[in-house]
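Notes follow the structure.
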Amino acid sequence: MRDLRPDLTLRYIDAVDKPELWEGLRHDWVKIPQTGFWGEDNEWAYFLHGPGCRLTHVETGEIVEWDVGDIDRFNFNWFVNNLHSLIKQGKRDDDIDVICSILPDIEHMQDMTRDELSDQCYKWEKQIRPILEQLSDLVFLSRGSSFTYRIVK
């Protein structure tokens, strides 16, 4: 994915202190779309945004989003979008059941519109933030900016 629009990812990751490099890349790559299809059978629609990439499976609607420059970094809202898409598909496992047990109204998640999900996400973030902070204190995660965490290996 990083090869599709390096100007977007390098702007945030590699070229932060090199504006002339980013400007050159931007000039070369600006006509390449930020959206398209990817996969062996073009089964994923992609959207490149800033340093991130959102993949949406064209048949199931599953959403996977990550930081292209750092695969171990995630955003809380991206996590909720993925959870939403899995629940809408009826994909449940022990991990999803644990998450569902601590979040109110999660059982209604599959019926929520994007706007309703966005409003609910704020409430869930307040409940999950302490868990993420504990994982950070135990050095399983490291804190990034605002809603971003990185998995520590």
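Chain lettering (A, B, ...) mirrors the order of the structure tokens, residue numbering begins at 1 for each chain separately, and ligand numbering begins at 1 in order of display.
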
Discussion item. Please list as a PyMOL selection string every residue within 8 Å of A:Asp72, counting only C-alpha atoms and excluding residues in the same chain fewer than 3 positions away.
Written reply: chain A and resi 67+150-152

Worksheet item: If you measure from atom CA of A:His84 to atom CA of A:Val139, what distance in Å do you get, rounded to one decimal?
Response: 27.1 Å

Discussion item. At a cut-off of 12 Å, using only C-alpha atoms, what residues contact A:Lys91? Leave out same-chain residues fewer than 5 positions from it and give the result as a PyMOL selection string.
Written reply: chain A and resi 60+62+82-86+96-97+110

Generate the output file for the selected residues, N, CA, C and O atoms, as an mmCIF file, in the first residue's frame.
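Dumped to part12.cif:
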```cif
data_model
loop_
_atom_site.group_PDB
_atom_site.id
_atom_site.type_symbol
_atom_site.label_atom_id
_atom_site.label_comp_id
_atom_site.auth_asym_id
_atom_site.auth_seq_id
_atom_site.Cartn_x
_atom_site.Cartn_y
_atom_site.Cartn_z
ATOM 1 N N THR A 60 -18.176 -8.506 2.005
ATOM 2 C CA THR A 60 -18.596 -8.652 3.401
ATOM 3 C C THR A 60 -18.733 -7.328 4.130
ATOM 4 O O THR A 60 -19.402 -7.257 5.154
ATOM 5 N N GLU A 62 -16.291 -5.952 5.682
ATOM 6 C CA GLU A 62 -15.301 -5.906 6.758
ATOM 7 C C GLU A 62 -14.352 -4.738 6.522
ATOM 8 O O GLU A 62 -13.906 -4.492 5.404
ATOM 9 N N ASN A 82 -13.459 -1.690 12.817
ATOM 10 C CA ASN A 82 -13.231 -3.107 12.519
ATOM 11 C C ASN A 82 -14.182 -3.983 13.324
ATOM 12 O O ASN A 82 -14.785 -4.922 12.790
ATOM 13 N N LEU A 83 -14.329 -3.686 14.610
ATOM 14 C CA LEU A 83 -15.242 -4.434 15.468
ATOM 15 C C LEU A 83 -16.666 -4.368 14.910
ATOM 16 O O LEU A 83 -17.366 -5.376 14.820
ATOM 17 N N HIS A 84 -17.095 -3.186 14.510
ATOM 18 C CA HIS A 84 -18.427 -2.985 13.937
ATOM 19 C C HIS A 84 -18.628 -3.866 12.711
ATOM 20 O O HIS A 84 -19.645 -4.547 12.572
ATOM 21 N N SER A 85 -17.634 -3.882 11.829
ATOM 22 C CA SER A 85 -17.778 -4.676 10.602
ATOM 23 C C SER A 85 -17.823 -6.173 10.907
ATOM 24 O O SER A 85 -18.563 -6.918 10.271
ATOM 25 N N LEU A 86 -17.048 -6.627 11.895
ATOM 26 C CA LEU A 86 -17.063 -8.050 12.257
ATOM 27 C C LEU A 86 -18.396 -8.452 12.880
ATOM 28 O O LEU A 86 -18.944 -9.516 12.560
ATOM 29 N N ILE A 96 -14.018 -11.166 20.882
ATOM 30 C CA ILE A 96 -15.123 -10.234 20.643
ATOM 31 C C ILE A 96 -16.135 -10.317 21.779
ATOM 32 O O ILE A 96 -16.668 -9.297 22.221
ATOM 33 N N ASP A 97 -16.375 -11.515 22.305
ATOM 34 C CA ASP A 97 -17.307 -11.668 23.423
ATOM 35 C C ASP A 97 -16.817 -10.916 24.663
ATOM 36 O O ASP A 97 -17.616 -10.312 25.375
ATOM 37 N N GLN A 110 -24.634 -3.602 15.445
ATOM 38 C CA GLN A 110 -24.844 -3.984 14.050
ATOM 39 C C GLN A 110 -25.966 -3.188 13.401
ATOM 40 O O GLN A 110 -26.015 -3.058 12.188
#
```

Worksheet item: What is the atom CA of A:Gly50 to atom CA of A:Glu65 distance in Å?
Response: 12.0 Å

Item to complete: Determine which residues of chain A receive a DSSP assignment of strand (DSSP E), computed from the backbone, and state them as number ranges by chain.
Response: A: 35-38, 44-49, 52-57, 63-67, 73-75, 141-143, 148-151

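From atom CA of A:Arg54 back to atom CA of A:Arg129, the distance works out to 22.6 Å.
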
Per residue of stretch 19-92 of chain A within 10 Å of stretch 113-123 of chain A, which atom pair is closest and at what distance in Å (one decimal), using only C-alpha atoms, listed by chain and increasing number, as CSV?
```
residue,atom,partner,partner_atom,distance
A:Phe76,CA,A:Cys121,CA,8.8
A:Asn77,CA,A:Cys121,CA,7.1
A:Val80,CA,A:Cys121,CA,7.1
A:Asn81,CA,A:Leu117,CA,8.6
A:His84,CA,A:Leu117,CA,8.4
```

Those same residues - C-alpha atoms - I'd like them written as an mmCIF file, in the first residue's frame.
```cif
data_model
loop_
_atom_site.group_PDB
_atom_site.id
_atom_site.type_symbol
_atom_site.label_atom_id
_atom_site.label_comp_id
_atom_site.auth_asym_id
_atom_site.auth_seq_id
_atom_site.Cartn_x
_atom_site.Cartn_y
_atom_site.Cartn_z
ATOM 1 C CA PHE A 76 -9.126 3.540 18.739
ATOM 2 C CA ASN A 77 -11.697 4.621 16.135
ATOM 3 C CA VAL A 80 -14.200 0.248 16.622
ATOM 4 C CA ASN A 81 -14.785 0.348 12.845
ATOM 5 C CA HIS A 84 -18.427 -2.985 13.937
#
```

Discussion item. Give me, as a ChimeraX atom specification, the residues of chain A that a backbone DSSP run labels alpha helix (DSSP H).
Written reply: /A:6-12,19-29,76-88,94-102,114-137

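For the choices A:Leu103, A:Leu138, A:Ala45, A:Met109, the atom-to-atom distance to A:Glu125 is smallest for A:Leu103 when using only C-alpha atoms.
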